[in-house]
$ cat work_11.cif   # mmCIF, C-alpha atoms
data_entry
loop_
_atom_site.group_PDB
_atom_site.id
_atom_site.type_symbol
_atom_site.label_atom_id
_atom_site.label_comp_id
_atom_site.auth_asym_id
_atom_site.auth_seq_id
_atom_site.Cartn_x
_atom_site.Cartn_y
_atom_site.Cartn_z
ATOM 1 C CA MET A 23 -32.292 112.756 44.401
ATOM 2 C CA PRO A 24 -31.543 109.313 45.889
ATOM 3 C CA THR A 25 -34.595 107.311 46.792
ATOM 4 C CA PRO A 26 -35.166 106.736 50.542
ATOM 5 C CA ALA A 27 -34.084 103.379 51.908
ATOM 6 C CA PRO A 28 -36.964 100.880 51.985
ATOM 7 C CA ARG A 29 -38.342 99.849 55.376
ATOM 8 C CA PRO A 30 -36.724 96.595 56.546
ATOM 9 C CA PRO A 31 -38.885 93.464 56.319
ATOM 10 C CA LYS A 32 -40.765 92.414 59.452
ATOM 11 C CA TRP A 33 -38.340 89.596 60.329
ATOM 12 C CA ARG A 34 -35.433 92.060 60.178
ATOM 13 C CA GLN A 35 -37.259 94.482 62.473
ATOM 14 C CA ILE A 36 -37.790 91.686 65.015
ATOM 15 C CA ALA A 37 -34.134 90.643 64.777
ATOM 16 C CA ASP A 38 -32.967 94.253 65.205
ATOM 17 C CA GLU A 39 -35.155 94.719 68.282
ATOM 18 C CA ILE A 40 -33.725 91.584 69.933
ATOM 19 C CA ALA A 41 -30.170 92.533 68.921
ATOM 20 C CA ARG A 42 -30.606 95.966 70.533
ATOM 21 C CA LYS A 43 -31.764 94.316 73.767
ATOM 22 C CA ILE A 44 -28.659 92.102 73.706
ATOM 23 C CA ALA A 45 -26.413 95.120 73.086
ATOM 24 C CA ASP A 46 -28.125 97.089 75.882
ATOM 25 C CA GLY A 47 -27.702 94.224 78.351
ATOM 26 C CA ASP A 48 -31.391 93.370 78.674
ATOM 27 C CA TYR A 49 -30.353 89.886 77.577
ATOM 28 C CA GLY A 50 -26.919 88.738 78.736
ATOM 29 C CA PRO A 51 -24.716 85.790 77.747
ATOM 30 C CA GLY A 52 -26.453 82.544 78.628
ATOM 31 C CA ASP A 53 -29.890 84.148 79.019
ATOM 32 C CA ARG A 54 -32.756 82.297 77.383
ATOM 33 C CA LEU A 55 -34.787 84.230 74.820
ATOM 34 C CA PRO A 56 -38.578 83.948 74.508
ATOM 35 C CA SER A 57 -39.689 81.032 72.380
ATOM 36 C CA VAL A 58 -40.912 81.593 68.846
ATOM 37 C CA GLN A 59 -44.448 80.777 69.952
ATOM 38 C CA THR A 60 -44.239 83.292 72.807
ATOM 39 C CA LEU A 61 -43.339 86.095 70.408
ATOM 40 C CA VAL A 62 -46.103 85.012 68.047
ATOM 41 C CA THR A 63 -48.596 85.133 70.919
ATOM 42 C CA GLU A 64 -47.346 88.621 71.828
ATOM 43 C CA GLY A 65 -48.198 89.740 68.301
ATOM 44 C CA LYS A 66 -44.615 90.199 67.066
ATOM 45 C CA GLY A 67 -45.352 88.347 63.839
ATOM 46 C CA ALA A 68 -46.259 85.062 62.226
ATOM 47 C CA THR A 69 -44.392 81.882 63.186
ATOM 48 C CA ALA A 70 -42.345 81.862 59.964
ATOM 49 C CA THR A 71 -41.448 85.543 60.426
ATOM 50 C CA VAL A 72 -40.199 85.133 64.006
ATOM 51 C CA HIS A 73 -38.343 81.949 63.077
ATOM 52 C CA ARG A 74 -36.594 83.816 60.244
ATOM 53 C CA ALA A 75 -35.536 86.530 62.687
ATOM 54 C CA TYR A 76 -34.002 83.942 65.020
ATOM 55 C CA GLN A 77 -32.266 82.279 62.072
ATOM 56 C CA ALA A 78 -30.681 85.614 61.136
ATOM 57 C CA LEU A 79 -29.479 86.271 64.683
ATOM 58 C CA GLU A 80 -28.001 82.776 64.882
ATOM 59 C CA ALA A 81 -26.242 83.224 61.541
ATOM 60 C CA GLU A 82 -24.790 86.480 62.860
ATOM 61 C CA GLY A 83 -23.336 84.657 65.884
ATOM 62 C CA LEU A 84 -25.501 86.353 68.527
ATOM 63 C CA ILE A 85 -27.632 83.428 69.686
ATOM 64 C CA ARG A 86 -27.753 79.639 69.663
ATOM 65 C CA THR A 87 -30.845 77.466 69.376
ATOM 66 C CA THR A 88 -30.576 73.952 70.799
ATOM 67 C CA GLN A 89 -33.244 71.307 70.401
ATOM 68 C CA GLY A 90 -34.981 70.838 73.742
ATOM 69 C CA SER A 91 -33.108 73.699 75.423
ATOM 70 C CA GLY A 92 -34.470 76.735 73.627
ATOM 71 C CA THR A 93 -32.569 79.794 72.374
ATOM 72 C CA THR A 94 -29.812 81.429 74.420
ATOM 73 C CA VAL A 95 -27.569 84.462 73.984
ATOM 74 C CA LEU A 96 -23.947 83.740 73.094
ATOM 75 C CA GLY A 97 -21.077 85.311 75.013
ATOM 76 C CA THR A 98 -17.841 86.627 73.519
ATOM 77 C CA ARG A 99 -16.083 83.333 74.292
ATOM 78 C CA ASP A 100 -18.766 81.163 72.744
ATOM 79 C CA VAL A 101 -18.095 79.697 69.328
ATOM 80 C CA PRO A 102 -20.944 80.500 66.918
ATOM 81 C CA PRO A 103 -22.541 77.275 65.639
ATOM 82 C CA SER A 104 -22.182 78.227 61.992
ATOM 83 C CA THR A 105 -19.756 79.941 59.675
ATOM 84 C CA LEU A 106 -20.773 83.523 58.962
ATOM 85 C CA THR A 107 -21.482 83.916 55.255
ATOM 86 C CA GLY A 108 -21.589 87.033 53.111
ATOM 87 C CA ALA A 109 -25.313 87.694 53.478
ATOM 88 C CA ALA A 110 -25.141 87.377 57.279
ATOM 89 C CA ARG A 111 -22.087 89.650 57.390
ATOM 90 C CA LEU A 112 -24.004 92.361 55.538
ATOM 91 C CA GLU A 113 -26.957 92.080 57.901
ATOM 92 C CA ARG A 114 -24.698 92.395 60.931
ATOM 93 C CA LEU A 115 -22.685 95.269 59.412
ATOM 94 C CA ARG A 116 -25.799 97.312 58.679
ATOM 95 C CA ARG A 117 -27.289 96.596 62.095
ATOM 96 C CA THR A 118 -24.235 97.078 64.290
ATOM 97 C CA GLY A 119 -21.586 98.756 62.139
ATOM 98 C CA ARG A 120 -19.217 95.910 63.041
ATOM 99 C CA PRO A 121 -17.636 94.234 59.991
ATOM 100 C CA LEU A 122 -15.993 91.498 62.065
ATOM 101 C CA ALA A 123 -17.072 89.028 64.725
ATOM 102 C CA PRO A 124 -15.333 88.779 68.116
ATOM 103 C CA ARG A 125 -11.821 87.283 67.753
ATOM 104 C CA GLU A 126 -12.081 87.581 63.968
ATOM 105 C CA THR A 127 -9.826 89.430 61.551
ATOM 106 C CA TYR A 128 -8.956 89.216 57.882
ATOM 107 C CA VAL A 129 -5.748 88.954 55.886
ATOM 108 C CA ASN A 130 -4.547 89.093 52.275
ATOM 109 C CA SER A 131 -6.931 91.852 51.187
ATOM 110 C CA ARG A 132 -6.639 92.408 47.432
ATOM 111 C CA SER A 133 -8.396 94.579 44.853
ATOM 112 C CA VAL A 134 -7.341 94.313 41.204
ATOM 113 C CA LEU A 135 -8.597 94.474 37.631
ATOM 114 C CA ARG A 136 -8.781 91.002 36.129
ATOM 115 C CA SER A 137 -9.848 89.376 32.892
ATOM 116 C CA CYS A 138 -12.878 87.178 33.607
ATOM 117 C CA ALA A 139 -11.897 83.713 32.412
ATOM 118 C CA ASP A 140 -14.770 81.892 34.140
ATOM 119 C CA PRO A 141 -17.691 81.387 31.698
ATOM 120 C CA GLU A 142 -20.190 80.985 34.535
ATOM 121 C CA ILE A 143 -19.190 84.250 36.230
ATOM 122 C CA ALA A 144 -19.189 86.069 32.879
ATOM 123 C CA ASN A 145 -22.678 84.768 32.159
ATOM 124 C CA LEU A 146 -23.949 85.829 35.593
ATOM 125 C CA LEU A 147 -22.552 89.343 35.149
ATOM 126 C CA GLY A 148 -23.823 89.596 31.572
ATOM 127 C CA ILE A 149 -20.381 90.270 30.082
ATOM 128 C CA ASP A 150 -18.263 88.631 27.398
ATOM 129 C CA LEU A 151 -15.690 86.061 28.388
ATOM 130 C CA TYR A 152 -12.333 87.709 29.160
ATOM 131 C CA ASP A 153 -13.874 91.152 29.714
ATOM 132 C CA GLU A 154 -12.332 93.003 32.640
ATOM 133 C CA ILE A 155 -13.900 92.918 36.098
ATOM 134 C CA VAL A 156 -12.913 94.204 39.514
ATOM 135 C CA LEU A 157 -11.799 91.315 41.723
ATOM 136 C CA ARG A 158 -11.763 91.923 45.463
ATOM 137 C CA SER A 159 -10.725 89.179 47.885
ATOM 138 C CA ARG A 160 -9.845 88.636 51.520
ATOM 139 C CA THR A 161 -9.443 85.688 53.873
ATOM 140 C CA PHE A 162 -11.333 85.760 57.161
ATOM 141 C CA VAL A 163 -9.521 84.343 60.179
ATOM 142 C CA GLN A 164 -11.230 83.162 63.390
ATOM 143 C CA ASP A 165 -9.027 82.521 66.447
ATOM 144 C CA GLY A 166 -5.963 82.395 64.209
ATOM 145 C CA LYS A 167 -7.460 79.880 61.770
ATOM 146 C CA PRO A 168 -8.450 80.847 58.194
ATOM 147 C CA THR A 169 -12.129 79.998 57.779
ATOM 148 C CA VAL A 170 -13.561 81.727 54.699
ATOM 149 C CA LEU A 171 -12.076 83.028 51.457
ATOM 150 C CA ALA A 172 -14.396 85.809 50.228
ATOM 151 C CA LEU A 173 -14.305 86.736 46.527
ATOM 152 C CA ASN A 174 -16.193 89.646 44.967
ATOM 153 C CA MET A 175 -16.372 89.723 41.161
ATOM 154 C CA ILE A 176 -17.707 93.182 40.275
ATOM 155 C CA HIS A 177 -18.979 94.595 36.953
ATOM 156 C CA MET A 178 -16.845 97.414 35.575
ATOM 157 C CA ARG A 179 -19.789 99.829 35.491
ATOM 158 C CA ALA A 180 -19.597 99.979 39.292
ATOM 159 C CA LEU A 181 -16.221 101.755 39.025
ATOM 160 C CA GLY A 182 -17.865 104.995 37.856
ATOM 161 C CA PRO A 183 -19.683 105.762 41.122
ATOM 162 C CA LEU A 184 -17.226 103.710 43.219
ATOM 163 C CA PRO A 185 -13.617 104.431 42.196
ATOM 164 C CA GLU A 186 -12.637 103.282 45.718
ATOM 165 C CA LEU A 187 -13.212 99.690 44.577
ATOM 166 C CA LEU A 188 -9.592 99.566 43.424
ATOM 167 C CA SER A 189 -8.311 100.588 46.834
ATOM 168 C CA GLU A 190 -7.357 97.737 49.157
ATOM 169 C CA GLY A 191 -8.159 99.798 52.230
ATOM 170 C CA PRO A 192 -11.578 99.874 53.927
ATOM 171 C CA MET A 193 -14.278 102.143 52.493
ATOM 172 C CA PRO A 194 -16.030 104.760 54.667
ATOM 173 C CA LYS A 195 -19.111 102.528 54.595
ATOM 174 C CA PHE A 196 -20.203 99.332 52.848
ATOM 175 C CA ARG A 197 -19.887 99.671 49.070
ATOM 176 C CA HIS A 198 -23.501 98.720 48.302
ATOM 177 C CA ASP A 199 -24.735 101.561 50.531
ATOM 178 C CA LEU A 200 -22.298 104.024 48.954
ATOM 179 C CA TYR A 201 -23.444 102.918 45.511
ATOM 180 C CA ALA A 202 -27.092 103.504 46.441
ATOM 181 C CA GLU A 203 -26.291 106.955 47.846
ATOM 182 C CA ARG A 204 -24.399 108.016 44.735
ATOM 183 C CA THR A 205 -26.665 106.523 42.080
ATOM 184 C CA GLY A 206 -30.105 106.334 43.713
ATOM 185 C CA LYS A 207 -30.238 102.650 42.726
ATOM 186 C CA THR A 208 -30.740 99.936 45.319
ATOM 187 C CA ILE A 209 -28.675 96.761 45.101
ATOM 188 C CA ASN A 210 -30.703 93.632 45.757
ATOM 189 C CA ALA A 211 -29.435 90.138 46.577
ATOM 190 C CA GLY A 212 -30.555 87.057 44.704
ATOM 191 C CA PRO A 213 -30.896 83.683 46.419
ATOM 192 C CA GLU A 214 -27.780 82.157 47.945
ATOM 193 C CA ARG A 215 -26.611 79.114 45.975
ATOM 194 C CA SER A 216 -24.299 76.451 47.359
ATOM 195 C CA THR A 217 -22.191 73.881 45.587
ATOM 196 C CA ALA A 218 -19.376 71.535 46.532
ATOM 197 C CA ARG A 219 -16.218 71.199 44.464
ATOM 198 C CA LEU A 220 -12.539 70.397 44.865
ATOM 199 C CA ALA A 221 -10.291 73.127 46.221
ATOM 200 C CA SER A 222 -7.627 74.627 43.982
ATOM 201 C CA SER A 223 -3.994 74.689 45.061
ATOM 202 C CA ASN A 224 -4.237 78.476 45.574
ATOM 203 C CA GLU A 225 -7.244 78.049 47.861
ATOM 204 C CA LEU A 226 -5.519 75.361 49.915
ATOM 205 C CA SER A 227 -2.510 77.651 50.259
ATOM 206 C CA GLU A 228 -4.791 80.487 51.405
ATOM 207 C CA PHE A 229 -6.212 78.208 54.103
ATOM 208 C CA GLY A 230 -2.729 77.036 55.110
ATOM 209 C CA ILE A 231 -3.454 73.418 54.180
ATOM 210 C CA ASP A 232 -0.506 71.392 52.883
ATOM 211 C CA VAL A 233 -1.444 68.145 51.116
ATOM 212 C CA PRO A 234 0.017 66.285 48.133
ATOM 213 C CA SER A 235 -1.218 67.620 44.791
ATOM 214 C CA ASP A 236 -3.008 64.350 43.977
ATOM 215 C CA VAL A 237 -5.135 64.425 47.162
ATOM 216 C CA PRO A 238 -8.660 65.758 46.439
ATOM 217 C CA VAL A 239 -9.927 68.217 49.061
ATOM 218 C CA PRO A 240 -13.617 69.245 48.887
ATOM 219 C CA VAL A 241 -14.823 72.739 49.752
ATOM 220 C CA LEU A 242 -18.269 74.291 49.936
ATOM 221 C CA VAL A 243 -18.840 77.433 47.834
ATOM 222 C CA LEU A 244 -21.712 79.821 48.633
ATOM 223 C CA ARG A 245 -22.585 82.234 45.830
ATOM 224 C CA THR A 246 -24.901 85.244 45.729
ATOM 225 C CA LEU A 247 -25.638 87.480 42.732
ATOM 226 C CA TYR A 248 -26.308 91.159 43.472
ATOM 227 C CA SER A 249 -28.127 93.359 40.938
ATOM 228 C CA ASP A 250 -29.437 96.898 40.603
ATOM 229 C CA ASP A 251 -32.037 98.406 38.272
ATOM 230 C CA ASP A 252 -29.666 98.046 35.312
ATOM 231 C CA GLY A 253 -28.900 94.358 35.825
ATOM 232 C CA PRO A 254 -26.228 92.146 37.436
ATOM 233 C CA LEU A 255 -23.545 94.062 39.322
ATOM 234 C CA GLU A 256 -21.590 91.666 41.554
ATOM 235 C CA VAL A 257 -21.044 87.978 42.223
ATOM 236 C CA TRP A 258 -20.053 87.269 45.831
ATOM 237 C CA GLU A 259 -18.519 83.892 46.619
ATOM 238 C CA ASP A 260 -17.648 82.533 50.057
ATOM 239 C CA ILE A 261 -15.319 79.543 49.888
ATOM 240 C CA LEU A 262 -15.495 77.728 53.209
ATOM 241 C CA ARG A 263 -12.440 76.082 54.695
ATOM 242 C CA PRO A 264 -12.309 72.331 54.008
ATOM 243 C CA GLY A 265 -14.192 70.559 56.778
ATOM 244 C CA ILE A 266 -16.507 73.531 57.436
ATOM 245 C CA TRP A 267 -20.009 73.146 56.035
ATOM 246 C CA HIS A 268 -22.913 75.548 55.904
ATOM 247 C CA GLY A 269 -24.789 75.415 59.198
ATOM 248 C CA GLY A 270 -22.080 73.714 61.238
ATOM 249 C CA ARG A 271 -18.490 72.765 61.868
ATOM 250 C CA SER A 272 -16.942 69.364 61.524
#
$ encode --input "work_11.cif" --output "structure tokens"
Amino acid sequence: MPTPAPRPPKWRQIADEIARKIADGDYGPGDRLPSVQTLVTEGKGATATVHRAYQALEAEGLIRTTQGSGTTVLGTRDVPPSTLTGAARLERLRRTGRPLAPRETYVNSRSVLRSCADPEIANLLGIDLYDEIVLRSRTFVQDGKPTVLALNMIHMRALGPLPELLSEGPMPKFRHDLYAERTGKTINAGPERSTARLASSNELSEFGIDVPSDVPVPVLVLRTLYSDDDGPLEVWEDILRPGIWHGGRS
């Protein structure tokens, strides 16, 4: 029998409560939220816990915190102050059921079997170089502009409980939740790692950027390793459009 889902951490509970109030109209676009210290005084949690909740809501594009002006609710026409990364997408999907932000879509969805030729990815997944993996990819587009190329490199053992991984269409629910339901094993995220490197020609083409081949174009790559009880299961990479950096836009 699958194990029951663990209770969300305190910061997530605080974030969910505020998000529900935004969805219900208790807080509207432009409204100022209580300060971190106010919520601490009300007994919602420790300062670090409340701050983490606000960070999550800001990453999900619901609020904006401005030095000296406090924290306000974003409207549908407001541009979120940061690029939504994989971890924030998962938090929003589980909380709201919405896989996409307002005015966002995705294109070039692919799901294929590939030989893993990247030694670092092979090492993270605990497989031999050139072993097969499931590669899923899509490009997120905000207001008509490609912003993030999402790559999911998935261990072959996930195909047993999740044969839908090779389908390019959407699953009935997020794959990590389906996996937990079918196996009784919870998938946990490791820390998000970031690194800068030069974009490949394929990545530049995906972003619609046309530059001479000898012009170096830097991109930021955010990587998270997901594991279950049996070990590494998936490497998720978000490749941010050149000129977009974690925490802000240039």
$ resolve_selection --input "work_11.cif" --expression "the PyMOL selection byres ((chain A and resi 243-254) around 6)" --output "ChimeraX atom specification"
/A:147,208-212,214-217,242,255-261
$ atom_distance --input "work_11.cif" --atom1 "CA of Ser227 in chain A" --atom2 "CA of Val134 in chain A"
19.6 Å
$ closest_residue --input "work_11.cif" --among "A:Gly206, A:Ser189, A:Arg114, A:Cys138" --to "Leu79 in chain A" --atoms "all atoms listed in the file"
A:Arg114
$ atom_distance --input "work_11.cif" --atom1 "CA of Phe229 in chain A" --atom2 "CA of Gln77 in chain A"
27.5 Å
$ resolve_selection --input "work_11.cif" --expression "the PyMOL selection byres ((chain A and resi 129) around 8)" --output "ChimeraX atom specification"
/A:127-128,130-131,160-163
$ write_last_selection --input "work_11.cif" --atoms "C-alpha atoms" --output "CSV table (one decimal), in the frame of the given file"
chain,number,residue,atom,x,y,z
A,127,THR,CA,-9.8,89.4,61.6
A,128,TYR,CA,-9.0,89.2,57.9
A,130,ASN,CA,-4.5,89.1,52.3
A,131,SER,CA,-6.9,91.9,51.2
A,160,ARG,CA,-9.8,88.6,51.5
A,161,THR,CA,-9.4,85.7,53.9
A,162,PHE,CA,-11.3,85.8,57.2
A,163,VAL,CA,-9.5,84.3,60.2
$ resolve_selection --input "work_11.cif" --expression "the PyMOL selection byres ((chain A and resi 157) around 6)" --output "list in words"
Ser133, Val134, Val156, Arg158, Asn174 and Met175 of chain A
$ write_last_selection --input "work_11.cif" --atoms "C-alpha atoms" --output "CSV table (one decimal), keeping the file's coordinate frame"
chain,number,residue,atom,x,y,z
A,133,SER,CA,-8.4,94.6,44.9
A,134,VAL,CA,-7.3,94.3,41.2
A,156,VAL,CA,-12.9,94.2,39.5
A,158,ARG,CA,-11.8,91.9,45.5
A,174,ASN,CA,-16.2,89.6,45.0
A,175,MET,CA,-16.4,89.7,41.2
$ atom_distance --input "work_11.cif" --atom1 "CA of Arg132 in chain A" --atom2 "CA of Pro192 in chain A"
11.1 Å
$ residues_around --input "work_11.cif" --residues "range 57-60 of chain A" --least-positions-apart "4" --cutoff "8 Å" --atoms "all atoms listed in the file" --output "mmCIF file with C-alpha atoms, keeping the file's coordinate frame"
data_model
loop_
_atom_site.group_PDB
_atom_site.id
_atom_site.type_symbol
_atom_site.label_atom_id
_atom_site.label_comp_id
_atom_site.auth_asym_id
_atom_site.auth_seq_id
_atom_site.Cartn_x
_atom_site.Cartn_y
_atom_site.Cartn_z
ATOM 1 C CA GLU A 64 -47.346 88.621 71.828
ATOM 2 C CA THR A 69 -44.392 81.882 63.186
ATOM 3 C CA VAL A 72 -40.199 85.133 64.006
ATOM 4 C CA HIS A 73 -38.343 81.949 63.077
ATOM 5 C CA GLY A 92 -34.470 76.735 73.627
ATOM 6 C CA THR A 93 -32.569 79.794 72.374
#
$ build_atoms --input "work_11.cif" --residues "range 191-207 of chain A" --atoms "N, CA, C and O atoms" --output "PDB file, in the frame of the given file"
ATOM      1  N   GLY A 191      -7.778  99.376  50.891  1.00  0.00           N
ATOM      2  CA  GLY A 191      -8.159  99.798  52.230  1.00  0.00           C
ATOM      3  C   GLY A 191      -9.668  99.775  52.415  1.00  0.00           C
ATOM      4  O   GLY A 191     -10.436  99.679  51.444  1.00  0.00           O
ATOM      5  N   PRO A 192     -10.138  99.881  53.658  1.00  0.00           N
ATOM      6  CA  PRO A 192     -11.578  99.874  53.927  1.00  0.00           C
ATOM      7  C   PRO A 192     -12.248 101.138  53.396  1.00  0.00           C
ATOM      8  O   PRO A 192     -11.661 102.223  53.393  1.00  0.00           O
ATOM      9  N   MET A 193     -13.497 101.001  52.941  1.00  0.00           N
ATOM     10  CA  MET A 193     -14.278 102.143  52.493  1.00  0.00           C
ATOM     11  C   MET A 193     -14.934 102.815  53.700  1.00  0.00           C
ATOM     12  O   MET A 193     -15.052 102.210  54.770  1.00  0.00           O
ATOM     13  N   PRO A 194     -15.391 104.076  53.542  1.00  0.00           N
ATOM     14  CA  PRO A 194     -16.030 104.760  54.667  1.00  0.00           C
ATOM     15  C   PRO A 194     -17.308 104.066  55.131  1.00  0.00           C
ATOM     16  O   PRO A 194     -17.696 104.191  56.291  1.00  0.00           O
ATOM     17  N   LYS A 195     -17.966 103.355  54.243  1.00  0.00           N
ATOM     18  CA  LYS A 195     -19.111 102.528  54.595  1.00  0.00           C
ATOM     19  C   LYS A 195     -19.225 101.432  53.544  1.00  0.00           C
ATOM     20  O   LYS A 195     -18.506 101.453  52.543  1.00  0.00           O
ATOM     21  N   PHE A 196     -20.117 100.468  53.756  1.00  0.00           N
ATOM     22  CA  PHE A 196     -20.203  99.332  52.848  1.00  0.00           C
ATOM     23  C   PHE A 196     -20.503  99.799  51.426  1.00  0.00           C
ATOM     24  O   PHE A 196     -21.320 100.694  51.212  1.00  0.00           O
ATOM     25  N   ARG A 197     -19.840  99.186  50.456  1.00  0.00           N
ATOM     26  CA  ARG A 197     -19.887  99.671  49.070  1.00  0.00           C
ATOM     27  C   ARG A 197     -21.293  99.689  48.477  1.00  0.00           C
ATOM     28  O   ARG A 197     -21.613 100.560  47.678  1.00  0.00           O
ATOM     29  N   HIS A 198     -22.145  98.730  48.846  1.00  0.00           N
ATOM     30  CA  HIS A 198     -23.501  98.720  48.302  1.00  0.00           C
ATOM     31  C   HIS A 198     -24.277  99.950  48.777  1.00  0.00           C
ATOM     32  O   HIS A 198     -25.074 100.526  48.022  1.00  0.00           O
ATOM     33  N   ASP A 199     -24.055 100.372  50.012  1.00  0.00           N
ATOM     34  CA  ASP A 199     -24.735 101.561  50.531  1.00  0.00           C
ATOM     35  C   ASP A 199     -24.195 102.824  49.875  1.00  0.00           C
ATOM     36  O   ASP A 199     -24.957 103.747  49.556  1.00  0.00           O
ATOM     37  N   LEU A 200     -22.877 102.885  49.661  1.00  0.00           N
ATOM     38  CA  LEU A 200     -22.298 104.024  48.954  1.00  0.00           C
ATOM     39  C   LEU A 200     -22.833 104.111  47.529  1.00  0.00           C
ATOM     40  O   LEU A 200     -23.155 105.202  47.035  1.00  0.00           O
ATOM     41  N   TYR A 201     -22.936 102.961  46.880  1.00  0.00           N
ATOM     42  CA  TYR A 201     -23.444 102.918  45.511  1.00  0.00           C
ATOM     43  C   TYR A 201     -24.872 103.457  45.456  1.00  0.00           C
ATOM     44  O   TYR A 201     -25.225 104.250  44.577  1.00  0.00           O
ATOM     45  N   ALA A 202     -25.703 103.046  46.402  1.00  0.00           N
ATOM     46  CA  ALA A 202     -27.092 103.504  46.441  1.00  0.00           C
ATOM     47  C   ALA A 202     -27.158 105.008  46.681  1.00  0.00           C
ATOM     48  O   ALA A 202     -27.966 105.716  46.056  1.00  0.00           O
ATOM     49  N   GLU A 203     -26.305 105.521  47.567  1.00  0.00           N
ATOM     50  CA  GLU A 203     -26.291 106.955  47.846  1.00  0.00           C
ATOM     51  C   GLU A 203     -25.911 107.765  46.608  1.00  0.00           C
ATOM     52  O   GLU A 203     -26.478 108.825  46.338  1.00  0.00           O
ATOM     53  N   ARG A 204     -24.944 107.250  45.856  1.00  0.00           N
ATOM     54  CA  ARG A 204     -24.399 108.016  44.735  1.00  0.00           C
ATOM     55  C   ARG A 204     -25.179 107.851  43.436  1.00  0.00           C
ATOM     56  O   ARG A 204     -25.065 108.689  42.531  1.00  0.00           O
ATOM     57  N   THR A 205     -25.934 106.773  43.326  1.00  0.00           N
ATOM     58  CA  THR A 205     -26.665 106.523  42.080  1.00  0.00           C
ATOM     59  C   THR A 205     -28.177 106.561  42.249  1.00  0.00           C
ATOM     60  O   THR A 205     -28.905 106.693  41.263  1.00  0.00           O
ATOM     61  N   GLY A 206     -28.670 106.426  43.484  1.00  0.00           N
ATOM     62  CA  GLY A 206     -30.105 106.334  43.713  1.00  0.00           C
ATOM     63  C   GLY A 206     -30.670 104.974  43.361  1.00  0.00           C
ATOM     64  O   GLY A 206     -31.892 104.795  43.340  1.00  0.00           O
ATOM     65  N   LYS A 207     -29.805 103.996  43.110  1.00  0.00           N
ATOM     66  CA  LYS A 207     -30.238 102.650  42.726  1.00  0.00           C
ATOM     67  C   LYS A 207     -29.926 101.667  43.852  1.00  0.00           C
ATOM     68  O   LYS A 207     -28.798 101.613  44.340  1.00  0.00           O
TER      69      LYS A 207
END
